[in-house]
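I have placed the structure first, in the form of structure tokens, so that the comments after it can refer back to it.
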Amino acid sequence: KMESSALTSMLQTAAGPAGPVGLDLKAEQWAGAMGALKPEDISALSDVVVDSAVDKLSSKEFAAIPPDRVLAMMQSTVLQSGPQAGGGLGPNFQQYSGKLDGMLGAMGASQYKEIDPTAMLGMMQAMNLGGQVFELDKTNLQGQDVAGMLGSLGKEQLEKFGGQQVLNSIGGLQKGDFGVLDPKAALNIFNTVGSGKMLEDKNLGGIAGRIDTAGFKELGNQGTFDIVKALEKGDFKTLDELGANGACPILDHSQLGVLGAQALASMITGVGAGASDLPKEHIQTYLQGFNVGDVGTLDKGVAGNLVGAAADADLSKLAPGVQNAYLQNLGAGILGAAGFAAGSPGDTVFNIVPAGAYGGASLSQIIGAAGAPALFGGKLFGGSP
């Protein structure tokens, strides 16, 4: 196996000072040579050598070269400053327009972030990305490549690209493609397109699911609610993600109150153990939003988190059938075996203090301290510790 430095020297010597003399290599040979070099070795080659390689390589060969090497090749050719058609100096993307999708398709989001955002915008425009609805089968790019390229742009570059161009670019993408976006990039894309169009787009879930608490705070109470209401039409998986990403505390409890049970269940599932940090009004709204049938569909851990975060007084206000549904969900049907002291009228199994060894705390207080998964099926109810 030839050392990288020796191969670099051989390629440079073969090129000679006058041009690519002796560099009549086939595409697969160029792919092997570039793949064998380190990124810094490619950067050390003359532009003539690297340009000869880029000229011969097709998308198939670019895909066989490690991504960091392809990035080094791009930096030595496409991104090099040269005379512009209109005067001045700068990268000449049009010269390499037929190679761009192959090179970018061989890279990924981590390489895109190393490219100047203005240069990335220039390449996207040279490929006419966004000029029409993006069709994956007519390019060498994958959906996550397009998402990653958009994600590498700053707010200024996205605005120059244009909201409609963004929508055209993501038209053929699937939700999973947006996983490469960081939260700030997702928010920038949402704002560039604009709430009106984004809320009606099929890719709302892919974008909104990547926004974090800081992003929802920036969108504000109404902006966040608009997203939740749009997703309530059927994308309950993303509502779960929004719950995990901190959208719930941004909403007013009255806004939660107009959501259907399935949307509420999705969001509280995402919140998880963080339910104990939600305002008490939010917990009250969740409790009031579920009937007997709804409680039965909740995951046991979700029901436990909700009951544990609730105040005794709020649990006491639940209809007896709903209380019983929570107990059945949590596996507490034999709760009476623990032995409870007589309570006052209106007391429930949630706020009566047990007699004997478990005295001193109500059931909801125990759940709040230990969590339902640790309590039910555990030592208290005769199961494994």
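Order determines the names: the first chain of the structure tokens is A, the second B, and so forth; residues in each chain are numbered 1 upward, and ligands are numbered 1 upward as they are shown.
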Next item on the list: Check the DSSP output for the backbone and give back, as JSON, numbers by chain, the residues of segment 46-132 of chain A in strand (DSSP E or B).
Entry: {"A": [81, 82, 83, 89, 90, 91]}
Just-selected residues, N, CA and C atoms written as a CSV table (one decimal), in the first residue's frame:
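Written out: result.csv:
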```
chain,number,residue,atom,x,y,z
A,81,SER,N,-11.4,30.9,-5.3
A,81,SER,CA,-11.7,32.2,-5.9
A,81,SER,C,-11.1,32.3,-7.3
A,82,GLY,N,-11.9,32.8,-8.3
A,82,GLY,CA,-11.4,33.0,-9.6
A,82,GLY,C,-12.1,34.1,-10.3
A,83,PRO,N,-11.8,34.4,-11.5
A,83,PRO,CA,-12.4,35.5,-12.3
A,83,PRO,C,-13.9,35.2,-12.5
A,89,LEU,N,-13.6,38.8,-8.4
A,89,LEU,CA,-13.2,37.4,-8.1
A,89,LEU,C,-14.2,36.7,-7.2
A,90,GLY,N,-14.2,35.4,-7.2
A,90,GLY,CA,-15.1,34.6,-6.4
A,90,GLY,C,-15.3,33.2,-6.9
A,91,PRO,N,-15.9,32.4,-6.2
A,91,PRO,CA,-16.1,31.0,-6.7
A,91,PRO,C,-16.9,31.0,-7.9
```
Quick one: residues within 12 Å of segment 24-29 of chain A, only C-alpha atoms, excluding same-chain residues fewer than 6 positions away - as a compact mmCIF listing (two decimals) with all heavy atoms, in the first residue's frame?
```
# COMPACT_ATOMS: atom_id res chain seq x y z
N LEU A 11 1.56 12.23 -7.90
CA LEU A 11 0.53 12.95 -8.66
C LEU A 11 1.01 14.34 -9.04
O LEU A 11 0.80 14.81 -10.16
CB LEU A 11 -0.76 13.04 -7.85
CG LEU A 11 -1.55 11.74 -7.68
CD1 LEU A 11 -2.67 11.93 -6.66
CD2 LEU A 11 -2.12 11.28 -9.02
N ALA A 14 3.71 14.08 -11.77
CA ALA A 14 3.14 13.72 -13.07
C ALA A 14 2.45 14.91 -13.72
O ALA A 14 2.43 15.04 -14.95
CB ALA A 14 2.16 12.57 -12.90
N ALA A 15 1.87 15.77 -12.91
CA ALA A 15 1.17 16.93 -13.46
C ALA A 15 2.14 17.87 -14.14
O ALA A 15 1.87 18.38 -15.24
CB ALA A 15 0.43 17.67 -12.35
N GLY A 35 -9.27 8.78 -2.64
CA GLY A 35 -9.68 8.10 -1.41
C GLY A 35 -8.52 7.68 -0.54
O GLY A 35 -8.66 7.57 0.68
N ALA A 36 -7.35 7.46 -1.17
CA ALA A 36 -6.17 7.02 -0.42
C ALA A 36 -5.43 8.18 0.23
O ALA A 36 -4.63 7.99 1.15
CB ALA A 36 -5.22 6.26 -1.35
N VAL A 49 -4.16 19.42 -10.51
CA VAL A 49 -4.29 17.99 -10.24
C VAL A 49 -5.71 17.66 -9.77
O VAL A 49 -6.36 16.75 -10.29
CB VAL A 49 -3.26 17.54 -9.20
CG1 VAL A 49 -3.49 16.07 -8.83
CG2 VAL A 49 -1.84 17.74 -9.72
N SER A 52 -8.31 17.99 -12.44
CA SER A 52 -8.29 16.86 -13.37
C SER A 52 -9.12 15.70 -12.81
O SER A 52 -9.84 15.03 -13.55
CB SER A 52 -6.85 16.39 -13.62
OG SER A 52 -6.09 17.41 -14.24
N ALA A 53 -9.00 15.49 -11.50
CA ALA A 53 -9.77 14.42 -10.86
C ALA A 53 -11.26 14.73 -10.91
O ALA A 53 -12.08 13.87 -11.29
CB ALA A 53 -9.31 14.25 -9.41
N VAL A 54 -11.64 15.95 -10.53
CA VAL A 54 -13.05 16.34 -10.51
C VAL A 54 -13.66 16.21 -11.91
O VAL A 54 -14.80 15.77 -12.07
CB VAL A 54 -13.21 17.78 -9.99
CG1 VAL A 54 -14.63 18.29 -10.18
CG2 VAL A 54 -12.83 17.84 -8.51
N ASP A 55 -12.88 16.57 -12.91
CA ASP A 55 -13.37 16.52 -14.29
C ASP A 55 -13.72 15.09 -14.72
O ASP A 55 -14.67 14.87 -15.47
CB ASP A 55 -12.31 17.10 -15.23
CG ASP A 55 -12.78 17.13 -16.68
OD1 ASP A 55 -13.78 17.84 -16.94
OD2 ASP A 55 -12.17 16.46 -17.53
N LYS A 56 -12.95 14.11 -14.24
CA LYS A 56 -13.15 12.73 -14.67
C LYS A 56 -14.20 11.99 -13.82
O LYS A 56 -14.85 11.06 -14.30
CB LYS A 56 -11.83 11.96 -14.58
CG LYS A 56 -10.85 12.27 -15.69
CD LYS A 56 -11.33 11.66 -17.01
CE LYS A 56 -10.31 11.87 -18.13
NZ LYS A 56 -9.12 11.00 -17.95
N LEU A 57 -14.36 12.40 -12.58
CA LEU A 57 -15.21 11.65 -11.66
C LEU A 57 -16.70 11.91 -11.90
O LEU A 57 -17.11 13.04 -12.16
CB LEU A 57 -14.86 12.00 -10.21
CG LEU A 57 -13.46 11.59 -9.74
CD1 LEU A 57 -13.18 12.16 -8.37
CD2 LEU A 57 -13.34 10.07 -9.71
N SER A 58 -17.49 10.86 -11.79
CA SER A 58 -18.94 10.98 -11.86
C SER A 58 -19.49 10.82 -10.44
O SER A 58 -18.75 10.55 -9.49
CB SER A 58 -19.53 9.89 -12.76
OG SER A 58 -19.37 8.62 -12.16
N SER A 59 -20.79 10.96 -10.30
CA SER A 59 -21.42 10.82 -8.98
C SER A 59 -21.12 9.46 -8.37
O SER A 59 -20.92 9.34 -7.15
CB SER A 59 -22.93 11.01 -9.09
OG SER A 59 -23.23 12.30 -9.58
N LYS A 60 -21.07 8.42 -9.19
CA LYS A 60 -20.80 7.08 -8.70
C LYS A 60 -19.43 7.00 -8.03
O LYS A 60 -19.28 6.41 -6.95
CB LYS A 60 -20.87 6.08 -9.86
CG LYS A 60 -20.55 4.64 -9.47
CD LYS A 60 -20.61 3.73 -10.69
CE LYS A 60 -20.20 2.30 -10.32
NZ LYS A 60 -20.23 1.42 -11.52
N GLU A 61 -18.41 7.61 -8.66
CA GLU A 61 -17.06 7.56 -8.09
C GLU A 61 -16.95 8.48 -6.87
O GLU A 61 -16.27 8.14 -5.89
CB GLU A 61 -16.02 7.96 -9.13
CG GLU A 61 -15.72 6.90 -10.19
CD GLU A 61 -16.71 6.93 -11.34
OE1 GLU A 61 -17.12 8.06 -11.72
OE2 GLU A 61 -17.09 5.85 -11.84
N PHE A 62 -17.60 9.65 -6.92
CA PHE A 62 -17.57 10.54 -5.75
C PHE A 62 -18.12 9.81 -4.53
O PHE A 62 -17.61 9.95 -3.43
CB PHE A 62 -18.39 11.81 -6.00
CG PHE A 62 -17.67 12.86 -6.80
CD1 PHE A 62 -18.23 13.36 -7.97
CD2 PHE A 62 -16.44 13.36 -6.38
CE1 PHE A 62 -17.58 14.33 -8.71
CE2 PHE A 62 -15.78 14.34 -7.13
CZ PHE A 62 -16.35 14.83 -8.29
N ALA A 63 -19.17 9.02 -4.72
CA ALA A 63 -19.81 8.32 -3.61
C ALA A 63 -18.89 7.28 -2.99
O ALA A 63 -19.10 6.89 -1.83
CB ALA A 63 -21.10 7.65 -4.09
N ALA A 64 -17.87 6.84 -3.73
CA ALA A 64 -16.94 5.83 -3.22
C ALA A 64 -15.78 6.45 -2.45
O ALA A 64 -14.97 5.73 -1.87
CB ALA A 64 -16.41 4.99 -4.38
N ILE A 65 -15.69 7.77 -2.46
CA ILE A 65 -14.61 8.48 -1.78
C ILE A 65 -15.10 8.96 -0.42
O ILE A 65 -16.22 9.45 -0.31
CB ILE A 65 -14.14 9.69 -2.63
CG1 ILE A 65 -13.68 9.22 -4.02
CG2 ILE A 65 -13.01 10.44 -1.93
CD1 ILE A 65 -13.38 10.36 -4.97
```
Using only C-alpha atoms, tabulate the residues of segment 36-155 of chain A lying at most 12 Å from any atom of segment 203-210 of chain A, each with its closest atom pair and that distance in Å to one decimal, by chain and increasing residue number, as a Markdown table.
```
| residue | atom | partner | partner_atom | distance |
| --- | --- | --- | --- | --- |
| A:Gly143 | CA | A:Gly206 | CA | 11.9 |
| A:Gln144 | CA | A:Gly206 | CA | 11.4 |
| A:Ala147 | CA | A:Ile207 | CA | 9.8 |
| A:Leu150 | CA | A:Ile207 | CA | 11.5 |
| A:Gly151 | CA | A:Ile207 | CA | 10.7 |
```
Margin query: Which residues are close to Ile283 of chain A, i.e. within 10 Å by only C-alpha atoms, leaving aside same-chain residues fewer than 4 positions away? Reply as a list of chain:residue names.
Written below: A:His253, A:Ile268, A:Ala275, A:Ser276, A:Asp277, A:Leu278, A:Pro279, A:Leu287, A:Gln288, A:Gly289, A:Leu306, A:Val307, A:Ala309, A:Ala310, A:Ala311, A:Asp314
Preceding selection exported with N, CA, C and O atoms as a PDB file, in the first residue's frame:
```pdb
ATOM      1  N   HIS A 253     -52.925  27.144  29.678  1.00  0.00           N
ATOM      2  CA  HIS A 253     -53.741  25.972  29.991  1.00  0.00           C
ATOM      3  C   HIS A 253     -55.095  26.023  29.276  1.00  0.00           C
ATOM      4  O   HIS A 253     -55.686  24.986  28.979  1.00  0.00           O
ATOM      5  N   ILE A 268     -48.490  14.805  26.626  1.00  0.00           N
ATOM      6  CA  ILE A 268     -48.081  14.439  27.985  1.00  0.00           C
ATOM      7  C   ILE A 268     -47.163  13.219  27.961  1.00  0.00           C
ATOM      8  O   ILE A 268     -46.304  13.054  28.828  1.00  0.00           O
ATOM      9  N   ALA A 275     -43.580  16.095  33.837  1.00  0.00           N
ATOM     10  CA  ALA A 275     -44.927  16.530  34.220  1.00  0.00           C
ATOM     11  C   ALA A 275     -44.920  17.219  35.569  1.00  0.00           C
ATOM     12  O   ALA A 275     -45.709  18.134  35.819  1.00  0.00           O
ATOM     13  N   SER A 276     -44.028  16.794  36.456  1.00  0.00           N
ATOM     14  CA  SER A 276     -43.981  17.388  37.795  1.00  0.00           C
ATOM     15  C   SER A 276     -43.547  18.848  37.759  1.00  0.00           C
ATOM     16  O   SER A 276     -43.740  19.579  38.733  1.00  0.00           O
ATOM     17  N   ASP A 277     -42.968  19.279  36.644  1.00  0.00           N
ATOM     18  CA  ASP A 277     -42.518  20.669  36.525  1.00  0.00           C
ATOM     19  C   ASP A 277     -43.545  21.563  35.835  1.00  0.00           C
ATOM     20  O   ASP A 277     -43.342  22.771  35.744  1.00  0.00           O
ATOM     21  N   LEU A 278     -44.628  20.982  35.331  1.00  0.00           N
ATOM     22  CA  LEU A 278     -45.645  21.774  34.651  1.00  0.00           C
ATOM     23  C   LEU A 278     -46.475  22.565  35.663  1.00  0.00           C
ATOM     24  O   LEU A 278     -46.651  22.128  36.802  1.00  0.00           O
ATOM     25  N   PRO A 279     -47.008  23.714  35.263  1.00  0.00           N
ATOM     26  CA  PRO A 279     -47.895  24.471  36.158  1.00  0.00           C
ATOM     27  C   PRO A 279     -49.091  23.616  36.559  1.00  0.00           C
ATOM     28  O   PRO A 279     -49.551  22.763  35.795  1.00  0.00           O
ATOM     29  N   LEU A 287     -55.916  16.292  33.383  1.00  0.00           N
ATOM     30  CA  LEU A 287     -56.810  15.398  34.121  1.00  0.00           C
ATOM     31  C   LEU A 287     -58.247  15.514  33.617  1.00  0.00           C
ATOM     32  O   LEU A 287     -58.952  14.516  33.441  1.00  0.00           O
ATOM     33  N   GLN A 288     -58.680  16.741  33.378  1.00  0.00           N
ATOM     34  CA  GLN A 288     -60.052  16.979  32.945  1.00  0.00           C
ATOM     35  C   GLN A 288     -60.281  16.583  31.489  1.00  0.00           C
ATOM     36  O   GLN A 288     -61.423  16.396  31.062  1.00  0.00           O
ATOM     37  N   GLY A 289     -59.176  16.448  30.735  1.00  0.00           N
ATOM     38  CA  GLY A 289     -59.304  16.149  29.307  1.00  0.00           C
ATOM     39  C   GLY A 289     -59.470  14.682  28.983  1.00  0.00           C
ATOM     40  O   GLY A 289     -59.709  14.326  27.824  1.00  0.00           O
ATOM     41  N   LEU A 306     -48.607  11.569  35.509  1.00  0.00           N
ATOM     42  CA  LEU A 306     -49.687  12.543  35.614  1.00  0.00           C
ATOM     43  C   LEU A 306     -50.294  12.538  37.016  1.00  0.00           C
ATOM     44  O   LEU A 306     -50.486  13.591  37.630  1.00  0.00           O
ATOM     45  N   VAL A 307     -50.574  11.341  37.536  1.00  0.00           N
ATOM     46  CA  VAL A 307     -51.137  11.239  38.885  1.00  0.00           C
ATOM     47  C   VAL A 307     -50.138  11.748  39.928  1.00  0.00           C
ATOM     48  O   VAL A 307     -50.513  12.440  40.877  1.00  0.00           O
ATOM     49  N   ALA A 309     -47.963  14.029  39.587  1.00  0.00           N
ATOM     50  CA  ALA A 309     -47.809  15.490  39.526  1.00  0.00           C
ATOM     51  C   ALA A 309     -49.058  16.215  40.003  1.00  0.00           C
ATOM     52  O   ALA A 309     -49.028  17.423  40.232  1.00  0.00           O
ATOM     53  N   ALA A 310     -50.170  15.483  40.157  1.00  0.00           N
ATOM     54  CA  ALA A 310     -51.450  16.102  40.501  1.00  0.00           C
ATOM     55  C   ALA A 310     -51.572  16.315  42.001  1.00  0.00           C
ATOM     56  O   ALA A 310     -51.045  15.556  42.822  1.00  0.00           O
ATOM     57  N   ALA A 311     -52.305  17.348  42.362  1.00  0.00           N
ATOM     58  CA  ALA A 311     -52.608  17.611  43.767  1.00  0.00           C
ATOM     59  C   ALA A 311     -53.731  16.686  44.216  1.00  0.00           C
ATOM     60  O   ALA A 311     -54.603  16.313  43.426  1.00  0.00           O
ATOM     61  N   ASP A 314     -57.193  17.861  43.349  1.00  0.00           N
ATOM     62  CA  ASP A 314     -57.614  17.727  41.949  1.00  0.00           C
ATOM     63  C   ASP A 314     -57.990  16.287  41.623  1.00  0.00           C
ATOM     64  O   ASP A 314     -58.926  16.033  40.863  1.00  0.00           O
TER      65      ASP A 314
END
```
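Atom CA of Asp201 of chain A lies 28.9 Å from atom CA of Asp116 of chain A.
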Next item on the list: Pick out the residues sitting within 8 Å of Leu242 of chain A, and hand them over as a ChimeraX atom specification; count only C-alpha atoms, and ignore anything fewer than 2 positions along from it in its own chain.
Entry: /A:208-209,211-212,238-240,244-248,267,270
N, CA and C atoms of the current selection, written as an mmCIF file, in the first residue's frame:
```
data_model
loop_
_atom_site.group_PDB
_atom_site.id
_atom_site.type_symbol
_atom_site.label_atom_id
_atom_site.label_comp_id
_atom_site.auth_asym_id
_atom_site.auth_seq_id
_atom_site.Cartn_x
_atom_site.Cartn_y
_atom_site.Cartn_z
ATOM 1 N N ALA A 208 -41.226 21.113 12.623
ATOM 2 C CA ALA A 208 -41.628 21.450 13.992
ATOM 3 C C ALA A 208 -41.062 20.474 15.013
ATOM 4 N N GLY A 209 -40.922 19.211 14.613
ATOM 5 C CA GLY A 209 -40.398 18.212 15.528
ATOM 6 C C GLY A 209 -38.951 18.422 15.916
ATOM 7 N N ILE A 211 -37.734 21.650 16.532
ATOM 8 C CA ILE A 211 -37.652 22.904 17.285
ATOM 9 C C ILE A 211 -37.596 22.589 18.780
ATOM 10 N N ASP A 212 -36.792 23.348 19.532
ATOM 11 C CA ASP A 212 -36.658 23.104 20.964
ATOM 12 C C ASP A 212 -37.372 24.178 21.786
ATOM 13 N N THR A 238 -45.566 13.641 16.124
ATOM 14 C CA THR A 238 -44.841 14.885 16.292
ATOM 15 C C THR A 238 -45.302 15.629 17.537
ATOM 16 N N LEU A 239 -46.579 15.525 17.895
ATOM 17 C CA LEU A 239 -47.046 16.143 19.133
ATOM 18 C C LEU A 239 -46.321 15.540 20.333
ATOM 19 N N ASP A 240 -46.035 14.253 20.265
ATOM 20 C CA ASP A 240 -45.223 13.597 21.288
ATOM 21 C C ASP A 240 -43.845 14.272 21.352
ATOM 22 N N ALA A 244 -41.903 16.500 24.345
ATOM 23 C CA ALA A 244 -40.550 16.243 24.837
ATOM 24 C C ALA A 244 -39.642 17.454 24.650
ATOM 25 N N ASN A 245 -39.914 18.259 23.646
ATOM 26 C CA ASN A 245 -39.049 19.395 23.326
ATOM 27 C C ASN A 245 -39.450 20.692 24.020
ATOM 28 N N GLY A 246 -40.420 20.633 24.914
ATOM 29 C CA GLY A 246 -40.718 21.795 25.734
ATOM 30 C C GLY A 246 -41.797 22.722 25.242
ATOM 31 N N ALA A 247 -42.716 22.225 24.392
ATOM 32 C CA ALA A 247 -43.778 23.104 23.901
ATOM 33 C C ALA A 247 -44.884 23.316 24.930
ATOM 34 N N CYS A 248 -45.115 22.324 25.810
ATOM 35 C CA CYS A 248 -46.249 22.410 26.739
ATOM 36 C C CYS A 248 -46.227 23.648 27.636
ATOM 37 N N MET A 267 -48.939 14.681 23.807
ATOM 38 C CA MET A 267 -48.047 15.689 24.379
ATOM 39 C C MET A 267 -47.580 15.319 25.784
ATOM 40 N N GLY A 270 -44.876 12.796 25.672
ATOM 41 C CA GLY A 270 -43.578 13.390 25.394
ATOM 42 C C GLY A 270 -42.990 14.094 26.595
#
```
Note to self: as a PyMOL selection string, please: the residues near Lys155 of chain A (cut-off 12 Å, only C-alpha atoms, same-chain neighbours under 4 positions excluded).
What the structure shows: chain A and resi 117-118+121+150-151+159-163+184-193
Notebook entry, point to check: Counting only C-alpha atoms, what is within 10 Å of Phe225 of chain A, bar same-chain residues fewer than 4 positions away, as a list in words?
Noted result: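 Those residues are Phe216, Leu219, Gly220, Asn221, Lys229, Ala230, Leu231, Ala247, Cys248, Ile250, Leu251, Asp252, Gln255, Leu256 and Leu259 of chain A.
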For the residues selected in the previous step, produce a file with N, CA, C and O atoms as a CSV table (one decimal), in the first residue's frame.
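That gives us result_27.csv:
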```csv
chain,number,residue,atom,x,y,z
A,216,PHE,N,-39.6,27.5,20.7
A,216,PHE,CA,-41.0,27.7,20.9
A,216,PHE,C,-41.2,29.0,21.7
A,216,PHE,O,-42.2,29.7,21.5
A,219,LEU,N,-41.2,31.6,19.1
A,219,LEU,CA,-42.5,31.6,18.3
A,219,LEU,C,-43.6,32.2,19.2
A,219,LEU,O,-44.6,32.7,18.6
A,220,GLY,N,-43.5,32.0,20.5
A,220,GLY,CA,-44.5,32.6,21.4
A,220,GLY,C,-45.7,31.7,21.6
A,220,GLY,O,-45.9,30.6,21.0
A,221,ASN,N,-46.6,32.1,22.5
A,221,ASN,CA,-47.7,31.3,22.9
A,221,ASN,C,-48.6,31.0,21.7
A,221,ASN,O,-49.0,29.8,21.5
A,229,LYS,N,-52.2,22.9,16.9
A,229,LYS,CA,-53.5,22.7,16.3
A,229,LYS,C,-53.4,22.1,14.9
A,229,LYS,O,-54.3,21.3,14.5
A,230,ALA,N,-52.4,22.5,14.1
A,230,ALA,CA,-52.3,22.0,12.8
A,230,ALA,C,-51.9,20.5,12.8
A,230,ALA,O,-52.3,19.7,12.0
A,231,LEU,N,-51.0,20.2,13.8
A,231,LEU,CA,-50.6,18.8,13.9
A,231,LEU,C,-51.7,17.9,14.5
A,231,LEU,O,-51.7,16.7,14.3
A,247,ALA,N,-42.7,22.2,24.4
A,247,ALA,CA,-43.8,23.1,23.9
A,247,ALA,C,-44.9,23.3,24.9
A,247,ALA,O,-45.5,24.4,24.9
A,248,CYS,N,-45.1,22.3,25.8
A,248,CYS,CA,-46.2,22.4,26.7
A,248,CYS,C,-46.2,23.6,27.6
A,248,CYS,O,-47.2,24.3,27.8
A,250,ILE,N,-45.1,26.5,27.1
A,250,ILE,CA,-45.3,27.7,26.4
A,250,ILE,C,-46.8,28.0,26.2
A,250,ILE,O,-47.2,29.1,26.1
A,251,LEU,N,-47.6,26.9,26.1
A,251,LEU,CA,-49.0,27.0,25.9
A,251,LEU,C,-49.7,27.5,27.2
A,251,LEU,O,-49.3,27.1,28.3
A,252,ASP,N,-50.8,28.2,27.0
A,252,ASP,CA,-51.7,28.6,28.1
A,252,ASP,C,-52.6,27.4,28.4
A,252,ASP,O,-52.9,26.6,27.5
A,255,GLN,N,-55.5,27.0,26.2
A,255,GLN,CA,-55.2,26.5,24.9
A,255,GLN,C,-55.2,24.9,24.9
A,255,GLN,O,-55.7,24.3,24.0
A,256,LEU,N,-54.6,24.4,26.0
A,256,LEU,CA,-54.6,22.9,26.1
A,256,LEU,C,-56.0,22.4,26.2
A,256,LEU,O,-56.3,21.3,25.7
A,259,LEU,N,-57.8,21.2,23.1
A,259,LEU,CA,-57.3,20.0,22.3
A,259,LEU,C,-58.0,18.8,22.7
A,259,LEU,O,-58.6,18.6,23.8
```
Checklist line | Interatomic distance (Å, one decimal) between atom CA of Met107 of chain A and atom CA of Gly194 of chain A | finding: 29.1 Å
Margin query: I need the residue nearest Asn168 of chain A from this list: A:Gly148, A:Gly130, A:Gly304, A:Asn140. Use only C-alpha atoms for the distance.
Written below: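 Between A:Gly148, A:Gly130, A:Gly304, A:Asn140, the residue approaching Asn168 of chain A most closely is A:Gly130.
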